[in-house]
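> File entry_34.cif below, mmCIF, C-alpha atoms:
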```
data_upload
loop_
_atom_site.label_atom_id
_atom_site.label_comp_id
_atom_site.auth_asym_id
_atom_site.auth_seq_id
_atom_site.Cartn_x
_atom_site.Cartn_y
_atom_site.Cartn_z
CA MET S 1 -34.56 -81.95 1.07
CA LYS S 2 -35.33 -78.86 -0.96
CA ARG S 3 -38.95 -78.98 0.10
CA TRP S 4 -37.98 -78.90 3.74
CA LEU S 5 -35.58 -76.03 3.45
CA PRO S 6 -38.11 -73.21 4.09
CA LEU S 7 -39.48 -75.09 7.09
CA ILE S 8 -36.00 -75.57 8.54
CA LEU S 9 -35.22 -71.89 8.00
CA ILE S 10 -38.42 -70.81 9.74
CA GLY S 11 -37.66 -73.22 12.55
CA LEU S 12 -34.20 -71.74 13.03
CA LEU S 13 -35.57 -68.20 12.94
CA THR S 14 -38.21 -69.09 15.53
CA LEU S 15 -35.54 -70.60 17.75
CA LEU S 16 -33.48 -67.43 17.45
CA LEU S 17 -36.45 -65.25 18.40
CA VAL S 18 -37.38 -67.49 21.35
CA VAL S 19 -33.82 -67.27 22.67
CA GLY S 20 -34.01 -63.48 22.19
CA LEU S 21 -37.24 -63.30 24.19
CA SER S 22 -35.92 -65.33 27.10
CA ARG S 23 -32.93 -63.04 27.60
CA ASP S 24 -33.17 -60.14 30.02
CA PRO S 25 -32.64 -56.89 28.12
CA ARG S 26 -32.02 -55.01 31.35
CA ALA S 27 -28.98 -57.12 32.20
CA VAL S 28 -26.35 -54.84 30.74
CA PRO S 29 -22.76 -55.95 31.27
CA SER S 30 -20.83 -53.37 33.29
CA PRO S 31 -17.65 -52.01 31.72
CA LEU S 32 -16.37 -51.38 35.24
CA ILE S 33 -15.50 -55.02 35.96
CA GLY S 34 -11.74 -55.22 36.44
CA GLN S 35 -11.45 -51.45 36.73
CA PRO S 36 -10.33 -49.57 39.86
CA ALA S 37 -13.24 -48.57 42.10
CA PRO S 38 -14.30 -44.96 41.40
CA ALA S 39 -14.20 -42.36 44.17
CA LEU S 40 -16.81 -42.17 46.92
CA PRO S 41 -17.87 -39.44 49.36
CA GLN S 42 -15.11 -38.79 51.87
CA ARG S 43 -17.43 -38.37 54.81
CA THR S 44 -20.04 -40.79 56.09
CA LEU S 45 -23.68 -40.19 56.98
CA ALA S 46 -22.50 -39.90 60.59
CA ASP S 47 -20.04 -37.24 59.36
CA GLU S 48 -16.94 -39.32 60.01
CA PRO S 49 -14.04 -39.50 57.54
CA PHE S 50 -14.28 -42.43 55.12
CA GLN S 51 -11.66 -44.47 53.30
CA PRO S 52 -12.61 -47.51 51.23
CA PRO S 53 -11.49 -50.78 52.93
CA HIS S 54 -9.21 -51.76 50.01
CA VAL S 55 -6.89 -48.97 51.15
CA HIS S 56 -6.02 -51.42 53.95
CA GLY S 57 -5.99 -54.42 51.61
CA GLN S 58 -9.49 -55.57 52.51
CA ALA S 59 -12.10 -56.73 49.98
CA TRP S 60 -15.56 -55.22 50.51
CA ILE S 61 -19.11 -54.89 49.25
CA LEU S 62 -20.85 -51.72 48.14
CA ASN S 63 -24.63 -51.67 48.14
CA VAL S 64 -26.23 -48.74 46.35
CA TRP S 65 -29.74 -48.06 47.65
CA ALA S 66 -32.18 -45.22 48.33
CA SER S 67 -34.94 -44.52 50.81
CA TRP S 68 -37.32 -43.89 47.87
CA CYS S 69 -36.54 -47.24 46.24
CA ALA S 70 -39.18 -49.97 46.60
CA ALA S 71 -36.98 -52.83 45.43
CA CYS S 72 -34.45 -51.91 48.15
CA ARG S 73 -37.13 -52.67 50.72
CA GLU S 74 -37.39 -56.14 49.22
CA GLU S 75 -33.63 -56.64 49.36
CA HIS S 76 -33.25 -55.27 52.87
CA PRO S 77 -33.96 -58.44 54.93
CA HIS S 78 -31.32 -60.28 52.89
CA LEU S 79 -28.74 -57.65 53.73
CA MET S 80 -29.72 -57.77 57.41
CA ARG S 81 -29.07 -61.53 57.46
CA LEU S 82 -25.87 -61.14 55.44
CA ARG S 83 -24.50 -58.68 57.93
CA GLN S 84 -24.50 -61.40 60.58
CA ARG S 85 -22.93 -64.02 58.33
CA LEU S 86 -20.38 -61.91 56.53
CA SER S 87 -16.80 -61.13 57.46
CA LEU S 88 -16.42 -58.54 54.65
CA PRO S 89 -17.37 -54.89 55.23
CA LEU S 90 -20.77 -54.01 53.75
CA ILE S 91 -20.94 -50.34 52.86
CA GLY S 92 -24.16 -48.61 51.85
CA LEU S 93 -24.36 -45.71 49.43
CA ALA S 94 -27.65 -43.79 49.54
CA TRP S 95 -27.98 -42.64 45.94
CA ARG S 96 -29.87 -39.44 45.06
CA ASP S 97 -31.14 -39.39 48.58
CA GLU S 98 -31.36 -36.88 51.40
CA ARG S 99 -29.48 -37.37 54.65
CA ALA S 100 -32.61 -37.04 56.79
CA ALA S 101 -34.60 -39.49 54.64
CA ALA S 102 -31.75 -42.03 54.60
CA THR S 103 -31.29 -41.78 58.37
CA ALA S 104 -35.03 -42.19 59.00
CA TRP S 105 -35.24 -45.20 56.65
CA LEU S 106 -32.36 -46.98 58.43
CA ALA S 107 -33.80 -46.18 61.86
CA ARG S 108 -37.16 -47.60 60.83
CA HIS S 109 -36.09 -50.78 59.04
CA GLY S 110 -32.70 -51.47 60.62
CA ASN S 111 -29.19 -50.72 59.41
CA PRO S 112 -27.38 -53.57 57.66
CA TYR S 113 -24.32 -51.45 56.82
CA GLY S 114 -21.06 -50.99 58.67
CA THR S 115 -20.71 -47.58 57.05
CA VAL S 116 -23.31 -45.45 55.28
CA LEU S 117 -22.41 -42.85 52.64
CA VAL S 118 -24.74 -40.39 50.97
CA ASP S 119 -24.58 -39.29 47.33
CA GLU S 120 -27.09 -36.47 47.32
CA SER S 121 -26.53 -35.16 43.80
CA GLY S 122 -26.02 -38.57 42.19
CA VAL S 123 -22.61 -37.62 40.82
CA HIS S 124 -20.84 -40.59 42.45
CA GLY S 125 -23.55 -42.84 41.07
CA ILE S 126 -22.65 -41.69 37.56
CA ASP S 127 -18.99 -42.61 38.16
CA TRP S 128 -20.07 -46.07 39.29
CA GLY S 129 -22.39 -46.45 36.30
CA VAL S 130 -25.44 -46.76 38.54
CA TYR S 131 -28.72 -46.68 36.61
CA GLY S 132 -31.18 -48.52 38.80
CA VAL S 133 -31.12 -49.14 42.51
CA PRO S 134 -30.43 -51.41 44.23
CA GLU S 135 -27.05 -52.28 42.77
CA THR S 136 -24.34 -54.24 44.53
CA PHE S 137 -20.62 -54.23 43.76
CA ILE S 138 -17.93 -56.59 45.01
CA ILE S 139 -14.56 -54.87 45.31
CA GLY S 140 -11.36 -56.87 45.66
CA ALA S 141 -8.52 -56.24 48.12
CA ASP S 142 -6.60 -54.52 45.30
CA GLY S 143 -9.40 -51.97 44.85
CA ARG S 144 -10.69 -53.39 41.57
CA ILE S 145 -14.35 -54.12 40.92
CA LEU S 146 -14.87 -57.87 40.66
CA HIS S 147 -18.61 -58.12 40.18
CA LYS S 148 -21.77 -56.09 39.85
CA PHE S 149 -25.37 -57.06 40.55
CA THR S 150 -28.14 -54.89 39.14
CA GLY S 151 -31.44 -55.15 41.01
CA PRO S 152 -32.18 -56.78 44.38
CA VAL S 153 -29.62 -59.36 45.44
CA THR S 154 -30.46 -62.32 47.66
CA GLU S 155 -28.44 -63.67 50.53
CA ALA S 156 -27.80 -66.90 48.63
CA THR S 157 -26.66 -65.37 45.32
CA LEU S 158 -24.28 -62.95 46.99
CA ILE S 159 -22.75 -65.65 49.20
CA GLU S 160 -22.39 -67.94 46.19
CA ARG S 161 -20.64 -65.28 44.12
CA LEU S 162 -18.29 -64.40 47.01
CA ARG S 163 -17.38 -68.09 47.30
CA GLN S 164 -16.67 -68.29 43.57
CA LEU S 165 -14.42 -65.29 43.89
CA GLU S 166 -12.77 -67.02 46.88
CA LEU S 167 -13.37 -64.04 49.12
CA ILE S 168 -15.10 -66.22 51.73
CA PRO S 169 -14.57 -69.93 52.53
CA MET T 1 -54.51 -30.50 -3.68
CA MET T 2 -55.67 -28.60 -0.59
CA ARG T 3 -56.05 -31.86 1.26
CA TYR T 4 -52.57 -32.97 0.30
CA LEU T 5 -51.14 -29.71 1.56
CA LEU T 6 -52.93 -30.10 4.89
CA TRP T 7 -51.49 -33.57 5.33
CA LEU T 8 -48.05 -32.30 4.55
CA ILE T 9 -48.31 -29.53 7.15
CA LEU T 10 -49.65 -31.93 9.76
CA THR T 11 -46.87 -34.46 9.17
CA LEU T 12 -44.21 -31.79 9.19
CA SER T 13 -45.44 -30.24 12.42
CA MET T 14 -45.52 -33.67 14.07
CA ALA T 15 -41.97 -34.35 12.97
CA LEU T 16 -40.85 -31.00 14.31
CA ALA T 17 -42.63 -31.52 17.63
CA GLN T 18 -40.88 -34.88 17.91
CA SER T 19 -37.43 -33.43 17.48
CA ALA T 20 -38.11 -30.76 20.10
CA GLY T 21 -37.94 -33.62 22.63
CA ALA T 22 -38.62 -33.55 26.33
CA ALA T 23 -35.44 -31.87 27.52
CA ILE T 24 -37.03 -29.22 29.66
CA GLU T 25 -34.04 -27.61 31.28
CA THR T 26 -32.20 -24.90 29.44
CA TYR T 27 -28.51 -24.50 30.11
CA PRO T 28 -26.29 -21.55 29.38
CA PHE T 29 -23.47 -22.17 26.89
CA ASP T 30 -20.43 -20.09 26.01
CA THR T 31 -20.67 -20.69 22.27
CA PRO T 32 -23.33 -21.88 19.81
CA GLU T 33 -21.02 -24.80 18.91
CA GLN T 34 -21.16 -26.02 22.51
CA GLU T 35 -24.92 -25.83 22.47
CA ARG T 36 -25.11 -27.79 19.21
CA LEU T 37 -22.74 -30.41 20.59
CA TYR T 38 -24.81 -30.75 23.76
CA HIS T 39 -28.01 -31.31 21.78
CA GLN T 40 -26.29 -33.75 19.47
CA LEU T 41 -24.96 -35.73 22.46
CA ILE T 42 -28.24 -35.99 24.34
CA ARG T 43 -29.88 -37.34 21.20
CA GLU T 44 -27.08 -39.84 20.68
CA LEU T 45 -26.91 -41.28 24.19
CA ARG T 46 -29.33 -43.71 25.71
CA CYS T 47 -31.27 -43.29 28.92
CA MET T 48 -30.33 -46.43 30.88
CA VAL T 49 -33.55 -46.38 32.91
CA CYS T 50 -36.03 -46.19 30.05
CA GLN T 51 -33.90 -48.03 27.57
CA ASN T 52 -35.78 -47.20 24.41
CA GLN T 53 -35.41 -43.47 24.84
CA ASN T 54 -32.44 -41.23 24.36
CA LEU T 55 -31.42 -38.70 26.99
CA ALA T 56 -33.17 -35.87 25.14
CA ASP T 57 -36.55 -37.61 25.24
CA SER T 58 -36.43 -39.03 28.74
CA ASN T 59 -37.85 -37.49 31.87
CA ALA T 60 -36.24 -40.03 34.19
CA ARG T 61 -34.24 -38.55 37.04
CA LEU T 62 -31.08 -40.27 35.90
CA ALA T 63 -31.52 -38.78 32.42
CA ARG T 64 -31.81 -35.34 34.03
CA ASP T 65 -28.61 -35.96 36.01
CA LEU T 66 -26.78 -37.15 32.92
CA ARG T 67 -27.90 -34.12 30.90
CA ARG T 68 -26.54 -31.92 33.66
CA GLN T 69 -23.28 -33.86 33.65
CA ILE T 70 -22.96 -33.69 29.85
CA HIS T 71 -23.58 -29.95 29.98
CA ALA T 72 -20.80 -29.61 32.58
CA LEU T 73 -18.41 -31.63 30.42
CA VAL T 74 -19.22 -29.67 27.25
CA ILE T 75 -18.64 -26.39 29.10
CA ARG T 76 -15.31 -27.78 30.30
CA GLY T 77 -14.33 -28.19 26.65
CA TYR T 78 -14.85 -31.95 26.11
CA ASP T 79 -15.45 -32.80 22.45
CA ARG T 80 -17.96 -35.32 21.15
CA ASP T 81 -15.69 -38.37 21.42
CA ALA T 82 -14.53 -37.43 24.91
CA VAL T 83 -18.09 -37.18 26.23
CA VAL T 84 -19.16 -40.42 24.54
CA ASN T 85 -16.08 -42.18 25.97
CA TYR T 86 -16.87 -40.80 29.41
CA MET T 87 -20.33 -42.36 29.20
CA VAL T 88 -19.19 -45.65 27.65
CA GLN T 89 -16.56 -46.09 30.39
CA ARG T 90 -19.30 -45.91 33.00
CA TYR T 91 -22.35 -47.46 31.38
CA GLY T 92 -20.88 -49.60 28.59
CA GLU T 93 -21.38 -49.69 24.83
CA PHE T 94 -25.11 -49.99 25.38
CA VAL T 95 -25.31 -46.30 26.29
CA ARG T 96 -24.75 -45.38 22.64
CA TYR T 97 -28.07 -45.04 20.91
CA ARG T 98 -26.17 -45.38 17.65
CA PRO T 99 -23.83 -48.32 18.30
CA ALA T 100 -20.24 -48.17 17.08
CA PHE T 101 -19.34 -50.45 14.18
CA ASN T 102 -17.07 -53.27 15.37
CA ALA T 103 -16.84 -57.07 15.36
CA HIS T 104 -19.51 -57.25 18.06
CA THR T 105 -22.03 -55.12 16.21
CA ALA T 106 -21.22 -56.12 12.62
CA LEU T 107 -24.27 -58.40 12.38
CA LEU T 108 -26.50 -55.64 13.74
CA TRP T 109 -25.31 -53.20 11.09
CA LEU T 110 -24.97 -55.59 8.16
CA GLY T 111 -27.88 -57.90 9.02
CA PRO T 112 -30.52 -55.99 7.03
CA LEU T 113 -28.19 -55.76 4.01
CA LEU T 114 -27.51 -59.50 4.27
CA LEU T 115 -31.22 -60.29 4.38
CA LEU T 116 -31.82 -58.04 1.37
CA LEU T 117 -29.05 -59.84 -0.50
CA ILE T 118 -30.53 -63.26 0.30
CA ALA T 119 -33.99 -62.07 -0.74
CA GLY T 120 -32.64 -60.62 -4.00
CA LEU T 121 -30.75 -63.80 -4.78
CA THR T 122 -33.82 -65.95 -4.11
CA VAL T 123 -36.01 -63.81 -6.37
CA TRP T 124 -33.40 -63.94 -9.12
CA ARG T 125 -33.12 -67.74 -8.90
CA VAL T 126 -36.87 -68.28 -8.87
CA GLN T 127 -37.29 -66.03 -11.89
CA ARG T 128 -34.51 -67.77 -13.79
CA GLN T 129 -36.04 -71.15 -13.03
CA ALA T 130 -39.43 -69.94 -14.23
CA ARG T 131 -37.91 -68.62 -17.43
CA GLU T 132 -36.07 -71.89 -18.05
CA THR T 133 -39.21 -73.95 -17.58
CA ALA T 134 -41.04 -71.57 -19.92
CA SER T 135 -38.38 -71.91 -22.67
CA ASP T 136 -38.35 -75.70 -22.21
CA ASP T 137 -42.03 -75.85 -23.21
#
```
Output the structure of this file as structure tokens.


Amino acid sequence: MKRWLPLILIGLLTLLLVVGLSRDPRAVPSPLIGQPAPALPQRTLADEPFQPPHVHGQAWILNVWASWCAACREEHPHLMRLRQRLSLPLIGLAWRDERAAATAWLARHGNPYGTVLVDESGVHGIDWGVYGVPETFIIGADGRILHKFTGPVTEATLIERLRQLELIP
Amino acid sequence: MMRYLLWLILTLSMALAQSAGAAIETYPFDTPEQERLYHQLIRELRCMVCQNQNLADSNARLARDLRRQIHALVIRGYDRDAVVNYMVQRYGEFVRYRPAFNAHTALLWLGPLLLLLIAGLTVWRVQRQARETASDD
């Protein structure tokens, strides 16, 4: 038994390191889960007044993107398909982006959002704890954040999470 | 002797250059205390984009935004804890480059000490065993 002890210890250590390697260090848990949704711009890209849908007791989805973001391009077709399948409002927030660039991007690739907001200075992004676009938040009817995805989301994962949260049948 | 002195100067200048960091913007402050606090904070908080850098060393756009925000908060009279809380509320505990000591991080802080203790104990036992075998002879 005593002879095997070092080997067992090394084995355990190796296991620990392998588990450590297989975890994604970029997946940082958001402290915002369960918290009230932070403020957003009060006017849309189309310069209309904006109120978040939970004001009317409606759950919704916030997708943070940018015209300069390559991974958003990858996510875009999924959002386009989601728009047709989804009963919840999908709201886009162009983060650290210019109005003209955001408008041009949507005109070129198609607009999956019901409403588009622009956060030119990035100050709203800080309140939402945004650190890499795209990021997607699910906000409940009571205005609390239920879930956050960091990085491109797929149609399937978003639908699955919404089902788990019982926001869609 | 001369060579030793040269090495010392070289090492020192490298260390100094390191601490100067990459924070390129200069901000106006009302008091020297505010300025010190600002520099302390940007060294203490992590850049979430390039995770192994603090805000002072990072050139990422988000780091620039956060430096601007921290400057605004310091000017508004936030103290160290208030600014750190502001950041932790938004980005989570991970934003601290120097993690707080709590149940979650106890192993992180005490791990090295624990390993040292185990190593010390092992050495002590091995030596004692060796001595006992020697005296048996």

> Applied to this file, what does the PyMOL selection byres ((chain T) within 10 of (chain S)) return in terms of residues, put as a ChimeraX atom specification?

/T:47-51,61-63,65-66,68-69,86-95

> Please list as an MDAnalysis selection string every residue within 12 Å of His109 (chain S), counting all atoms listed in the file and excluding residues in the same chain fewer than 5 positions away.

chainID S and resid 67 72:77 79:80 102:104

> In Å, rounded to a single decimal, give me how far CA of His124 (chain S) is from CA of Asn111 (chain S).

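About the pair CA of Asn111 (chain S) and CA of His124 (chain S): they are 21.4 Å apart.
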
> Could you state which residues are captured by the PyMOL selection byres ((chain T and resi 97) around 8) in this file, as a list of chain:residue names?

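Selection result, ordered by chain and number: T:Arg43, T:Glu44, T:Leu45, T:Arg46, T:Asn54, T:Phe94, T:Val95, T:Arg96, T:Arg98, T:Pro99.
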
> Give me the residues within 12 Å of Leu86 (chain S) as an MDAnalysis selection string, counting only C-alpha atoms and dropping any in the same chain fewer than 6 places off.

chainID S and resid 59:61 78:80 112:114 155:156 158:159 162:163 167:169

> Using only C-alpha atoms, which residues sit within 12 Å of region 54-57 of chain S once same-chain residues fewer than 2 positions away are excluded, as a PyMOL selection string?

chain S and resi 36-37+50-52+59-62+88-89+138-145

> Next, dump the selected residues to file, keeping only C-alpha atoms, as a compact mmCIF listing (two decimals), keeping the file's coordinate frame.


```
# COMPACT_ATOMS: atom_id res chain seq x y z
CA PRO S 36 -10.33 -49.57 39.86
CA ALA S 37 -13.24 -48.57 42.10
CA PHE S 50 -14.28 -42.43 55.12
CA GLN S 51 -11.66 -44.47 53.30
CA PRO S 52 -12.61 -47.51 51.23
CA ALA S 59 -12.10 -56.73 49.98
CA TRP S 60 -15.56 -55.22 50.51
CA ILE S 61 -19.11 -54.89 49.25
CA LEU S 62 -20.85 -51.72 48.14
CA LEU S 88 -16.42 -58.54 54.65
CA PRO S 89 -17.37 -54.89 55.23
CA ILE S 138 -17.93 -56.59 45.01
CA ILE S 139 -14.56 -54.87 45.31
CA GLY S 140 -11.36 -56.87 45.66
CA ALA S 141 -8.52 -56.24 48.12
CA ASP S 142 -6.60 -54.52 45.30
CA GLY S 143 -9.40 -51.97 44.85
CA ARG S 144 -10.69 -53.39 41.57
CA ILE S 145 -14.35 -54.12 40.92
```

> Between CA of Pro49 (chain S) and CA of Ile91 (chain S), what is the distance, to one decimal in Å?

13.7 Å

> Could you state the separation of CA of Ala70 (chain S) and CA of Pro134 (chain S) in Å, given to one decimal place?

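Computing it gives 9.2 Å between the two atoms.
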
> Let me know the residues the PyMOL selection byres ((chain T and resi 40-42) around 9) catches in the file above, as a list in words.

Ala23, Glu35, Arg36, Leu37, Tyr38, His39, Arg43, Glu44, Leu45, Arg46, Asn54, Leu55, Ala56, Asp57, Leu66, Arg67, Ile70, Arg80, Val83 and Val84 of chain T

> Take the selection from the previous step and output its residues with C-alpha atoms, as a CSV table (one decimal), in the coordinates of the input.


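Below is the file again.csv, written as the result:
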```
chain,number,residue,atom,x,y,z
T,23,ALA,CA,-35.4,-31.9,27.5
T,35,GLU,CA,-24.9,-25.8,22.5
T,36,ARG,CA,-25.1,-27.8,19.2
T,37,LEU,CA,-22.7,-30.4,20.6
T,38,TYR,CA,-24.8,-30.8,23.8
T,39,HIS,CA,-28.0,-31.3,21.8
T,43,ARG,CA,-29.9,-37.3,21.2
T,44,GLU,CA,-27.1,-39.8,20.7
T,45,LEU,CA,-26.9,-41.3,24.2
T,46,ARG,CA,-29.3,-43.7,25.7
T,54,ASN,CA,-32.4,-41.2,24.4
T,55,LEU,CA,-31.4,-38.7,27.0
T,56,ALA,CA,-33.2,-35.9,25.1
T,57,ASP,CA,-36.6,-37.6,25.2
T,66,LEU,CA,-26.8,-37.2,32.9
T,67,ARG,CA,-27.9,-34.1,30.9
T,70,ILE,CA,-23.0,-33.7,29.8
T,80,ARG,CA,-18.0,-35.3,21.2
T,83,VAL,CA,-18.1,-37.2,26.2
T,84,VAL,CA,-19.2,-40.4,24.5
```

> Would you please work out which residue, of T:Ala119, T:Gln34, T:Ala60, T:Leu5, is nearest to Gly77 (chain T) when using only C-alpha atoms?

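With only C-alpha atoms as the atom set, the closest residue is T:Gln34.
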